[in-house]
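Student: See start-v3.txt below, with compact mmCIF, C-alpha atoms and all ligand atoms.
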```txt
# COMPACT_ATOMS: atom_id res chain seq x y z
CA MET M 1 70.79 118.06 85.32
CA ALA M 2 67.34 118.92 84.01
CA LYS M 3 64.87 119.82 86.71
CA GLN M 4 62.06 117.47 87.52
CA ARG M 5 58.74 119.10 86.73
CA VAL M 6 56.01 118.39 89.28
CA LEU M 7 52.49 119.71 88.96
CA THR M 8 49.41 119.47 91.08
CA GLY M 9 46.00 121.11 91.28
CA ILE M 10 43.77 122.00 94.20
CA THR M 11 40.05 122.05 93.56
CA THR M 12 38.59 125.25 94.96
CA THR M 13 35.67 123.95 96.93
CA GLY M 14 35.70 124.35 100.68
CA THR M 15 38.01 125.75 103.30
CA PRO M 16 41.44 124.12 103.83
CA HIS M 17 41.59 121.83 106.86
CA LEU M 18 44.32 120.06 108.80
CA GLY M 19 43.99 116.99 106.56
CA ASN M 20 44.70 119.07 103.43
CA TYR M 21 47.61 120.67 105.22
CA VAL M 22 49.28 117.47 106.36
CA GLY M 23 48.43 115.41 103.28
CA ALA M 24 49.04 117.90 100.49
CA ILE M 25 49.96 121.49 101.28
CA ARG M 26 52.85 120.96 103.69
CA PRO M 27 54.62 118.27 101.61
CA SER M 28 54.08 120.26 98.38
CA ILE M 29 55.56 123.45 99.76
CA GLU M 30 58.46 121.46 101.17
CA ALA M 31 59.07 119.78 97.81
CA SER M 32 58.97 123.13 96.02
CA ARG M 33 62.00 124.25 98.08
CA ASN M 34 64.05 121.45 96.56
CA GLU M 35 66.33 122.99 93.96
CA SER M 36 66.03 120.06 91.60
CA MET M 37 62.25 120.54 91.33
CA ASP M 38 60.35 122.74 88.99
CA ALA M 39 57.00 123.06 90.77
CA PHE M 40 53.63 124.03 89.26
CA PHE M 41 50.72 124.48 91.68
CA PHE M 42 47.36 125.78 90.61
CA LEU M 43 43.84 126.47 91.79
CA ALA M 44 41.57 124.14 89.82
CA ASP M 45 38.61 126.50 89.78
CA TYR M 46 37.03 125.07 86.64
CA HIS M 47 37.07 121.72 88.39
CA ALA M 48 35.20 123.32 91.27
CA LEU M 49 32.24 124.03 88.99
CA ILE M 50 31.68 120.30 88.62
CA LYS M 51 30.81 119.92 92.28
CA CYS M 52 29.67 123.36 93.25
CA GLN M 53 27.13 125.67 91.65
CA ASP M 54 27.36 128.35 94.29
CA PRO M 55 29.37 131.26 92.80
CA ALA M 56 30.06 132.92 96.16
CA LEU M 57 31.46 129.68 97.52
CA VAL M 58 33.74 129.07 94.55
CA ARG M 59 35.05 132.63 94.78
CA GLN M 60 35.57 132.47 98.55
CA SER M 61 37.29 129.11 98.35
CA SER M 62 39.72 130.32 95.65
CA LYS M 63 40.66 133.24 97.84
CA GLU M 64 41.06 131.10 100.97
CA ILE M 65 43.13 128.45 99.25
CA ALA M 66 45.42 131.02 97.60
CA ALA M 67 45.87 132.84 100.92
CA THR M 68 46.60 129.53 102.64
CA TRP M 69 49.45 128.53 100.33
CA LEU M 70 50.96 132.01 100.47
CA ALA M 71 50.62 132.24 104.25
CA LEU M 72 52.36 128.89 104.65
CA GLY M 73 55.36 130.23 102.80
CA LEU M 74 55.07 129.08 99.20
CA ASP M 75 57.79 130.95 97.33
CA THR M 76 55.98 132.13 94.23
CA ASP M 77 59.15 133.43 92.63
CA LYS M 78 60.31 129.84 92.40
CA ALA M 79 57.15 127.76 92.16
CA LEU M 80 54.59 128.65 89.51
CA PHE M 81 51.34 129.42 91.30
CA TYR M 82 48.33 130.25 89.17
CA ARG M 83 44.61 129.88 88.70
CA GLN M 84 43.45 127.44 86.05
CA SER M 85 40.84 129.87 84.69
CA ASP M 86 43.55 132.50 84.05
CA VAL M 87 45.17 130.17 81.52
CA PRO M 88 42.61 129.93 78.70
CA GLU M 89 44.78 127.47 76.75
CA ILE M 90 43.85 124.82 79.32
CA THR M 91 40.18 124.81 78.37
CA GLU M 92 41.12 125.11 74.72
CA LEU M 93 43.29 122.02 75.01
CA THR M 94 40.47 120.26 76.83
CA TRP M 95 38.38 120.32 73.67
CA VAL M 96 41.13 118.94 71.48
CA LEU M 97 41.73 116.18 74.02
CA CYS M 98 37.99 115.47 74.21
CA CYS M 99 38.19 114.65 70.54
CA ASN M 100 40.96 112.16 71.27
CA ALA M 101 39.74 110.61 74.49
CA ALA M 102 37.72 107.43 74.15
CA LYS M 103 34.28 107.61 75.74
CA GLY M 104 34.79 104.06 76.91
CA LEU M 105 37.80 105.21 78.91
CA MET M 106 35.72 107.88 80.65
CA ASN M 107 33.00 105.32 81.40
CA ARG M 108 35.52 103.60 83.64
CA ALA M 109 36.34 106.63 85.81
CA HIS M 110 35.70 105.77 89.48
CA ALA M 111 34.12 109.11 90.37
CA TYR M 112 31.63 108.91 87.54
CA LYS M 113 30.95 105.21 88.09
CA ALA M 114 30.20 105.85 91.76
CA VAL M 115 27.46 108.32 90.84
CA VAL M 116 25.92 105.94 88.32
CA GLN M 117 25.99 103.12 90.83
CA ALA M 118 24.34 105.25 93.51
CA ASN M 119 21.63 106.20 91.01
CA GLU M 120 21.01 102.57 90.15
CA GLN M 121 20.77 101.60 93.80
CA ALA M 122 18.30 104.41 94.39
CA GLY M 123 16.21 103.24 91.44
CA GLU M 124 16.97 106.44 89.52
CA ASP M 125 17.90 106.88 85.90
CA PRO M 126 21.66 106.08 85.72
CA ASP M 127 22.35 109.54 84.27
CA PHE M 128 20.49 111.36 87.02
CA ALA M 129 22.45 114.51 88.01
CA VAL M 130 25.37 113.52 85.80
CA THR M 131 26.61 116.57 83.93
CA MET M 132 29.00 116.52 81.00
CA GLY M 133 31.38 118.30 83.38
CA LEU M 134 31.44 115.32 85.73
CA PHE M 135 31.78 112.91 82.84
CA SER M 136 34.60 114.90 81.20
CA TYR M 137 36.40 115.74 84.45
CA PRO M 138 39.39 113.49 83.63
CA VAL M 139 39.87 115.26 80.29
CA LEU M 140 40.09 118.68 81.92
CA MET M 141 42.55 117.21 84.38
CA ALA M 142 44.56 115.71 81.50
CA ALA M 143 44.72 119.16 79.92
CA ASP M 144 45.99 120.65 83.22
CA ILE M 145 48.80 118.13 83.25
CA LEU M 146 49.73 117.82 79.57
CA MET M 147 49.70 121.59 79.03
CA PHE M 148 52.90 121.93 81.02
CA ASN M 149 54.66 118.70 80.10
CA ALA M 150 54.76 117.72 83.74
CA GLY M 151 56.35 114.33 84.40
CA LYS M 152 55.50 113.82 88.07
CA ILE M 153 52.04 114.39 89.48
CA PRO M 154 51.80 114.19 93.30
CA VAL M 155 48.26 113.12 94.15
CA GLY M 156 46.20 111.17 96.65
CA ARG M 157 45.27 107.57 95.85
CA ASP M 158 41.83 108.55 94.58
CA GLN M 159 43.45 110.52 91.75
CA ILE M 160 45.85 107.89 90.40
CA GLN M 161 43.34 106.71 87.84
CA HIS M 162 42.92 110.24 86.49
CA VAL M 163 46.66 110.62 85.98
CA GLU M 164 46.73 107.25 84.19
CA MET M 165 43.95 108.48 81.93
CA ALA M 166 45.97 111.62 81.15
CA ARG M 167 48.85 109.36 80.20
CA ASP M 168 46.59 107.27 77.99
CA ILE M 169 45.21 110.33 76.24
CA ALA M 170 48.71 111.74 75.72
CA GLN M 171 49.94 108.49 74.26
CA ARG M 172 47.07 108.34 71.84
CA PHE M 173 47.57 111.94 70.75
CA ASN M 174 51.31 111.49 70.28
CA HIS M 175 50.67 108.38 68.22
CA ASN M 176 47.97 109.91 66.02
CA PHE M 177 49.53 113.33 65.42
CA ALA M 178 52.96 114.30 66.67
CA ASP M 179 55.11 113.75 69.70
CA VAL M 180 53.81 116.75 71.63
CA PHE M 181 53.16 115.53 75.15
CA THR M 182 55.32 114.21 77.98
CA LEU M 183 53.78 111.10 79.53
CA PRO M 184 52.89 111.91 83.16
CA GLU M 185 53.20 109.62 86.15
CA ALA M 186 51.30 109.77 89.44
CA VAL M 187 53.41 110.01 92.58
CA VAL M 188 51.78 108.84 95.79
CA ASP M 189 53.78 109.47 98.93
CA ASP M 190 53.07 106.68 101.39
CA ASN M 191 54.95 108.48 104.16
CA VAL M 192 52.49 111.33 104.18
CA ALA M 193 49.84 110.86 106.83
CA VAL M 194 46.20 110.54 105.92
CA LEU M 195 44.79 112.46 108.83
CA GLN M 196 41.83 111.23 110.84
CA GLY M 197 38.97 113.60 111.50
CA LEU M 198 36.91 114.35 114.62
CA ASP M 199 35.01 111.04 114.33
CA GLY M 200 38.08 108.90 113.59
CA ARG M 201 37.32 108.45 109.89
CA LYS M 202 39.56 110.08 107.26
CA MET M 203 39.37 113.86 107.68
CA SER M 204 37.27 115.02 104.77
CA LYS M 205 34.83 117.74 103.91
CA SER M 206 32.36 115.10 102.75
CA TYR M 207 32.30 113.53 106.24
CA ASN M 208 31.87 116.88 107.93
CA ASN M 209 34.55 115.91 110.46
CA THR M 210 37.28 118.43 109.67
CA ILE M 211 39.36 120.81 111.73
CA PRO M 212 39.74 124.01 109.68
CA LEU M 213 43.36 125.05 109.27
CA PHE M 214 43.14 128.73 110.10
CA GLN M 215 40.34 129.16 112.57
CA THR M 216 41.02 131.33 115.64
CA GLU M 217 43.04 129.93 118.50
CA LYS M 218 39.90 129.59 120.55
CA GLN M 219 38.08 127.71 117.81
CA LEU M 220 41.08 125.47 117.22
CA ARG M 221 41.10 124.53 120.92
CA LYS M 222 37.40 123.79 120.74
CA SER M 223 37.76 121.64 117.62
CA ILE M 224 40.56 119.63 119.17
CA ASN M 225 38.44 119.09 122.26
CA LYS M 226 35.77 117.59 120.01
CA ILE M 227 38.01 114.77 118.76
CA LYS M 228 36.31 111.54 119.65
CA THR M 229 37.92 109.50 122.44
CA ASN M 230 36.84 106.53 124.55
CA LEU M 231 35.69 106.59 128.18
CA LEU M 232 38.97 105.56 129.82
CA GLU M 233 39.71 107.54 132.97
CA PRO M 234 42.93 109.37 133.83
CA GLY M 235 45.45 106.82 135.01
CA GLU M 236 44.08 104.02 132.85
CA PRO M 237 46.52 102.98 130.08
CA LYS M 238 45.37 104.06 126.62
CA ASP M 239 46.08 102.54 123.22
CA ALA M 240 47.96 105.17 121.20
CA ASP M 241 47.46 103.27 117.95
CA ASP M 242 43.71 103.39 118.37
CA SER M 243 43.54 107.11 119.09
CA THR M 244 42.83 110.02 116.74
CA VAL M 245 44.44 112.37 119.27
CA PHE M 246 47.67 110.40 118.97
CA GLN M 247 47.35 110.13 115.19
CA VAL M 248 47.06 113.91 114.78
CA TRP M 249 49.86 114.36 117.30
CA SER M 250 52.10 112.17 115.18
CA ALA M 251 51.47 114.30 112.10
CA PHE M 252 52.85 117.36 113.86
CA ALA M 253 55.41 116.06 116.36
CA SER M 254 59.08 115.11 116.04
CA ALA M 255 60.13 111.47 116.49
CA GLU M 256 61.09 112.13 120.12
CA GLU M 257 57.82 113.85 120.90
CA ILE M 258 55.92 110.97 119.33
CA ALA M 259 57.80 108.48 121.51
CA ARG M 260 57.18 110.57 124.62
CA MET M 261 53.45 110.82 123.94
CA ARG M 262 53.27 107.08 123.32
CA SER M 263 54.62 106.42 126.78
CA GLU M 264 52.28 109.05 128.25
CA PHE M 265 49.42 107.05 126.74
CA GLU M 266 50.75 103.87 128.33
CA ASN M 267 50.98 105.71 131.63
CA GLY M 268 47.35 106.76 131.40
CA ILE M 269 47.48 110.43 130.43
CA ALA M 270 44.04 112.06 130.83
CA TRP M 271 42.26 112.81 127.55
CA GLY M 272 41.92 116.46 128.53
CA GLU M 273 45.65 116.72 129.09
CA ALA M 274 46.52 114.95 125.82
CA LYS M 275 44.22 117.30 123.94
CA LYS M 276 45.69 120.32 125.65
CA GLN M 277 49.18 119.28 124.57
CA LEU M 278 47.92 118.58 121.07
CA PHE M 279 46.44 122.05 120.85
CA GLU M 280 49.75 123.63 121.93
CA LEU M 281 51.64 121.62 119.35
CA VAL M 282 49.35 122.35 116.41
CA ASN M 283 48.92 125.96 117.38
CA GLY M 284 52.69 126.33 117.66
CA GLU M 285 53.19 125.13 114.10
CA LEU M 286 50.38 127.23 112.64
CA GLY M 287 50.31 130.39 114.76
CA GLN M 288 52.51 132.61 112.62
CA ALA M 289 51.01 131.42 109.37
CA ARG M 290 47.55 132.16 110.78
CA GLU M 291 48.54 135.80 111.28
CA ARG M 292 49.84 136.05 107.74
CA TYR M 293 46.69 134.35 106.48
CA ASN M 294 44.45 136.88 108.21
CA GLU M 295 46.49 139.74 106.76
CA LEU M 296 46.25 138.26 103.28
CA MET M 297 42.51 137.75 103.53
CA GLU M 298 42.27 141.48 104.29
CA ASP M 299 44.37 142.25 101.22
CA PRO M 300 42.81 140.37 98.30
CA GLY M 301 44.48 142.79 95.87
CA HIS M 302 47.82 141.30 96.81
CA ILE M 303 46.57 137.72 96.34
CA GLU M 304 45.17 138.70 92.97
CA SER M 305 48.43 140.27 91.80
CA VAL M 306 50.39 137.15 92.81
CA LEU M 307 47.96 134.94 90.88
CA ARG M 308 48.07 137.19 87.82
CA LYS M 309 51.84 137.13 87.80
CA GLY M 310 51.70 133.36 88.05
CA ALA M 311 49.29 133.18 85.13
CA ASP M 312 51.56 135.38 83.00
CA ARG M 313 54.43 133.01 83.66
CA ALA M 314 52.25 129.95 83.04
CA ARG M 315 51.12 131.32 79.71
CA GLU M 316 54.70 131.56 78.55
CA TYR M 317 54.51 127.77 78.52
CA SER M 318 50.90 127.21 77.57
CA ALA M 319 50.65 129.55 74.58
CA PRO M 320 53.48 127.96 72.55
CA LEU M 321 52.36 124.46 73.49
CA MET M 322 48.80 125.18 72.38
CA GLN M 323 50.18 126.50 69.10
CA LYS M 324 52.01 123.21 68.60
CA VAL M 325 48.82 121.28 69.33
CA ARG M 326 46.76 123.34 66.91
CA GLU M 327 49.28 122.83 64.17
CA ALA M 328 49.48 119.13 64.87
CA VAL M 329 45.72 118.71 64.41
CA GLY M 330 45.37 121.06 61.43
CA ILE M 331 43.93 124.14 63.09
CA SER M 332 46.20 126.80 61.69
CA ALA M 333 46.46 129.55 59.09
CA VAL M 334 45.87 128.43 55.50
CA VAL M 335 48.90 130.30 54.21
N1 LIG U 401 41.16 116.44 90.61
C1 LIG U 401 42.13 116.79 91.61
C2 LIG U 401 41.52 116.57 92.99
O1 LIG U 401 40.32 116.67 93.16
C3 LIG U 401 42.58 118.22 91.47
C4 LIG U 401 43.24 118.42 90.16
C5 LIG U 401 42.76 119.07 89.08
C6 LIG U 401 44.55 117.96 89.81
N2 LIG U 401 43.66 119.08 88.07
C7 LIG U 401 44.77 118.40 88.48
C8 LIG U 401 45.54 117.24 90.48
C9 LIG U 401 45.97 118.10 87.79
C10 LIG U 401 46.74 116.94 89.81
C11 LIG U 401 46.92 117.37 88.48
O2 LIG U 401 42.25 116.33 93.94
```
How would this structure read if it were set down as structure tokens?
Ligand code: TRP

Tutor:
Amino acid sequence: MAKQRVLTGITTTGTPHLGNYVGAIRPSIEASRNESMDAFFFLADYHALIKCQDPALVRQSSKEIAATWLALGLDTDKALFYRQSDVPEITELTWVLCCNAAKGLMNRAHAYKAVVQANEQAGEDPDFAVTMGLFSYPVLMAADILMFNAGKIPVGRDQIQHVEMARDIAQRFNHNFADVFTLPEAVVDDNVAVLQGLDGRKMSKSYNNTIPLFQTEKQLRKSINKIKTNLLEPGEPKDADDSTVFQVWSAFASAEEIARMRSEFENGIAWGEAKKQLFELVNGELGQARERYNELMEDPGHIESVLRKGADRAREYSAPLMQKVREAVGISAVV
């Protein structure tokens, strides 16, 4: 049976946190171990430039994210792991797709529309701070996907629209020129937890409520102690379903451990004790990977060589596909 090709990108802004781990990294690495999957994972560093104009930050984040995936055991002999910017055909394809993507389609992108709306509410010009990068973001993402003929695209809900746009663009290209592209489909896993952050809202860099994945043990303990709780005393029954401590616990614990903690909540476990157990659990799952992560961060040459190897393999796909695209649109030798 033909393998199912799955592809997903990670924008290189920021330091990976527990929410990224539970929601994206852990399930992706697990999926990549499945023999029937042909996995493509990449660092979307050109996407990072849309949100971040700090070169040191983009560089640091690429290194941290690469080290994170490797430390957590991604098998890069099986999965293709590369950096978007090492595959120049992706940006080349972006231009060709730009010439096929309707501006009206881009006008409807949620991320862009949100900025315009915020500008209007603030009484600003609607285009204030809107770059062509932000506006064209879905086209670059379409190129990421279509370049490798990936059928399944695991993403969070906020990205479904972008995958649908990639599908739209592919359809239009195939219709106008030649049947070059596979039509991609977004895959949203409802079983994967959306982790709550320190303040109980979704854990996200933009809310500044994250628990970094590979901080020191001491820092991890401190972060967990900062998770917001209510004022109930030890001995008073607590509502597990209304607790971030319990929610994070559930993302790391087995079914039995979840059931046990639920009854501990009913029996009035003290917040300090619940947090202590949560720390032990999370630290137990991450401890070894943290050591590998620290070693990798000290050895950027190794990270770089893994990424380069990944790019070489990726280009075995992207170069011939780009050639097909060029020929389809009439950019080729005259003889
Ligand atoms: N835009 C995605 C995000 O912010 C990252 C991304 C870039 C991506 N290119 C992709 C995801 C291609 C899936 C496929 O989460």

Student: For range 280-297 of chain M, please output as a VMD selection string all residues within 9 Å (counting all atoms listed in the file; exclusion window: fewer than 3 positions along the same chain).

Tutor: chain M and resid 63 to 64 67 to 73 213 to 217 220 to 221 248 to 249 252 to 253 275 to 277 300 to 303

Student: So how far away is CA of Val180 in chain M from atom C2 of ligand LIG 401 (chain U), in Å?

Tutor: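 CA of Val180 in chain M lies 24.6 Å from atom C2 of ligand LIG 401 (chain U).
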
Student: Find the spatial neighbours of range 37-53 of chain M, counting all atoms listed in the file, within a cut-off of 8 Å - ignore same-chain residues fewer than 6 positions away - and output them as a PyMOL selection string.

Tutor: chain M and resi 3-13+31+62+65-66+78-85+131+133-134+137+140

Student: Write out as a PyMOL selection string the residues lying within 6 Å of Glu185 in chain M, counting only C-alpha atoms and excluding same-chain residues fewer than 6 positions away.

Tutor: chain M and resi 151-153

Student: Find the residues near Gln196 in chain M: any atom within 10 Å, counting all atoms listed in the file, skip ones fewer than 3 places away on the same chain, and give them as a list of chain:residue names.

Tutor: M:Leu18, M:Gly19, M:Ala193, M:Asp199, M:Gly200, M:Arg201, M:Lys202, M:Met203, M:Ser204, M:Asn209, M:Thr210, M:Ile211, M:Ile227, M:Ser243, M:Thr244, M:Val245, M:Gln247, M:Val248

Student: Which is closer to ligand LIG 401 (chain U) than all the others in M:Asp144, M:Asp312, M:Asp241, M:Asp86, using all atoms listed in the file?

Tutor: M:Asp144

Student: Pick from M:Pro138, M:Pro234, M:Pro55, M:Pro27: nearest to ligand LIG 401 (chain U), with only C-alpha atoms and all ligand atoms counted?

Tutor: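 Using only C-alpha atoms and all ligand atoms, the shortest distance to ligand LIG 401 (chain U) belongs to M:Pro138.
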
Student: Would you list the residues near (50.2, 113.4, 67.0), meaning any protein, DNA or RNA residue with an atom at most 12 Å from that point in file coordinates, counting only C-alpha atoms, as a list in words?

Tutor: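 Nearby residues: Val96, Leu97, Asn100, Ile169, Ala170, Gln171, Arg172, Phe173, Asn174, His175, Asn176, Phe177, Ala178, Asp179, Val180, Phe181, Lys324, Val325, Arg326, Glu327, Ala328, Val329 and Gly330 of chain M.
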
Student: Which distance in Å separates CA of Tyr317 in chain M and atom C1 of ligand LIG 401 (chain U), to one decimal?

Tutor: 21.1 Å

Student: Choose the residue, out of M:Phe148, M:Trp271, M:Tyr21, M:Phe128, that has the smallest atom-to-atom separation from Glu233 in chain M; count all atoms listed in the file.

Tutor: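 Smallest distance to Glu233 in chain M is found for M:Trp271.
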
Student: Counting only C-alpha atoms, write as a list in words all protein and nucleic acid residues lying at most 10 Å from (49.4, 112.1, 126.8) in the file's frame.

Tutor: Pro234, Lys238, Ala240, Val245, Phe246, Trp249, Ile258, Arg260, Met261, Arg262, Ser263, Glu264, Phe265, Glu266, Asn267, Gly268, Ile269, Ala270, Trp271, Gly272, Glu273, Ala274, Lys275, Lys276, Gln277 and Leu278 of chain M

Student: Would you mind exporting the chosen residues as a JSON list (two decimals), keeping the file's coordinate frame, restricted to C-alpha atoms?

Tutor:
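Below is the file out-v2.json, written as the result:
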```
[["chain", "number", "residue", "atom", "x", "y", "z"],
["M", 234, "PRO", "CA", 42.93, 109.37, 133.83],
["M", 238, "LYS", "CA", 45.37, 104.06, 126.62],
["M", 240, "ALA", "CA", 47.96, 105.17, 121.20],
["M", 245, "VAL", "CA", 44.44, 112.37, 119.27],
["M", 246, "PHE", "CA", 47.67, 110.40, 118.97],
["M", 249, "TRP", "CA", 49.86, 114.36, 117.30],
["M", 258, "ILE", "CA", 55.92, 110.97, 119.33],
["M", 260, "ARG", "CA", 57.18, 110.57, 124.62],
["M", 261, "MET", "CA", 53.45, 110.82, 123.94],
["M", 262, "ARG", "CA", 53.27, 107.08, 123.32],
["M", 263, "SER", "CA", 54.62, 106.42, 126.78],
["M", 264, "GLU", "CA", 52.28, 109.05, 128.25],
["M", 265, "PHE", "CA", 49.42, 107.05, 126.74],
["M", 266, "GLU", "CA", 50.75, 103.87, 128.33],
["M", 267, "ASN", "CA", 50.98, 105.71, 131.63],
["M", 268, "GLY", "CA", 47.35, 106.76, 131.40],
["M", 269, "ILE", "CA", 47.48, 110.43, 130.43],
["M", 270, "ALA", "CA", 44.04, 112.06, 130.83],
["M", 271, "TRP", "CA", 42.26, 112.81, 127.55],
["M", 272, "GLY", "CA", 41.92, 116.46, 128.53],
["M", 273, "GLU", "CA", 45.65, 116.72, 129.09],
["M", 274, "ALA", "CA", 46.52, 114.95, 125.82],
["M", 275, "LYS", "CA", 44.22, 117.30, 123.94],
["M", 276, "LYS", "CA", 45.69, 120.32, 125.65],
["M", 277, "GLN", "CA", 49.18, 119.28, 124.57],
["M", 278, "LEU", "CA", 47.92, 118.58, 121.07]]
```

Student: Just how far from CA of Asp75 in chain M is atom C9 of ligand LIG 401 (chain U), in Å to one decimal?

Tutor: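 Distance reported for this atom pair: 19.9 Å.
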
Student: Which residue, M:Ala56, M:Ala259, M:Met132, M:Ala186, has the smallest gap to ligand LIG 401 (chain U) when you use all atoms listed in the file?

Tutor: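 Of M:Ala56, M:Ala259, M:Met132, M:Ala186, the one nearest ligand LIG 401 (chain U) is M:Ala186, counting all atoms listed in the file.
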
Student: Name the residues in contact with Ala24 in chain M at a cut-off of 9 Å, using only C-alpha atoms, excluding same-chain residues fewer than 3 positions from it; report them as a PyMOL selection string.

Tutor: chain M and resi 19-21+27-29+154-156+192

Student: Given the choices M:Ser254, M:Ser305, M:Gln121, M:Asn149, which gets closest to ligand LIG 401 (chain U) if the distance is worked out from all atoms listed in the file?

Tutor: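 Residue with the minimum atom-to-atom distance to ligand LIG 401 (chain U): M:Asn149.
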
Student: Counting only C-alpha atoms and all ligand atoms, which of M:Arg157, M:Arg313, M:Lys228, M:Arg308 gets nearest to ligand LIG 401 (chain U)?

Tutor: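 Closest candidate: M:Arg157.
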
Student: Extending 5 Å beyond the listed atoms of range 27-46 of chain M on each side, what axis-aligned box results? I want centre and edge lengths in Å to one decimal, as lines of an AutoDock Vina configuration file.

Tutor:
```
center_x = 51.7
center_y = 122.4
center_z = 94.1
size_x = 39.3
size_y = 18.2
size_z = 25.0
```
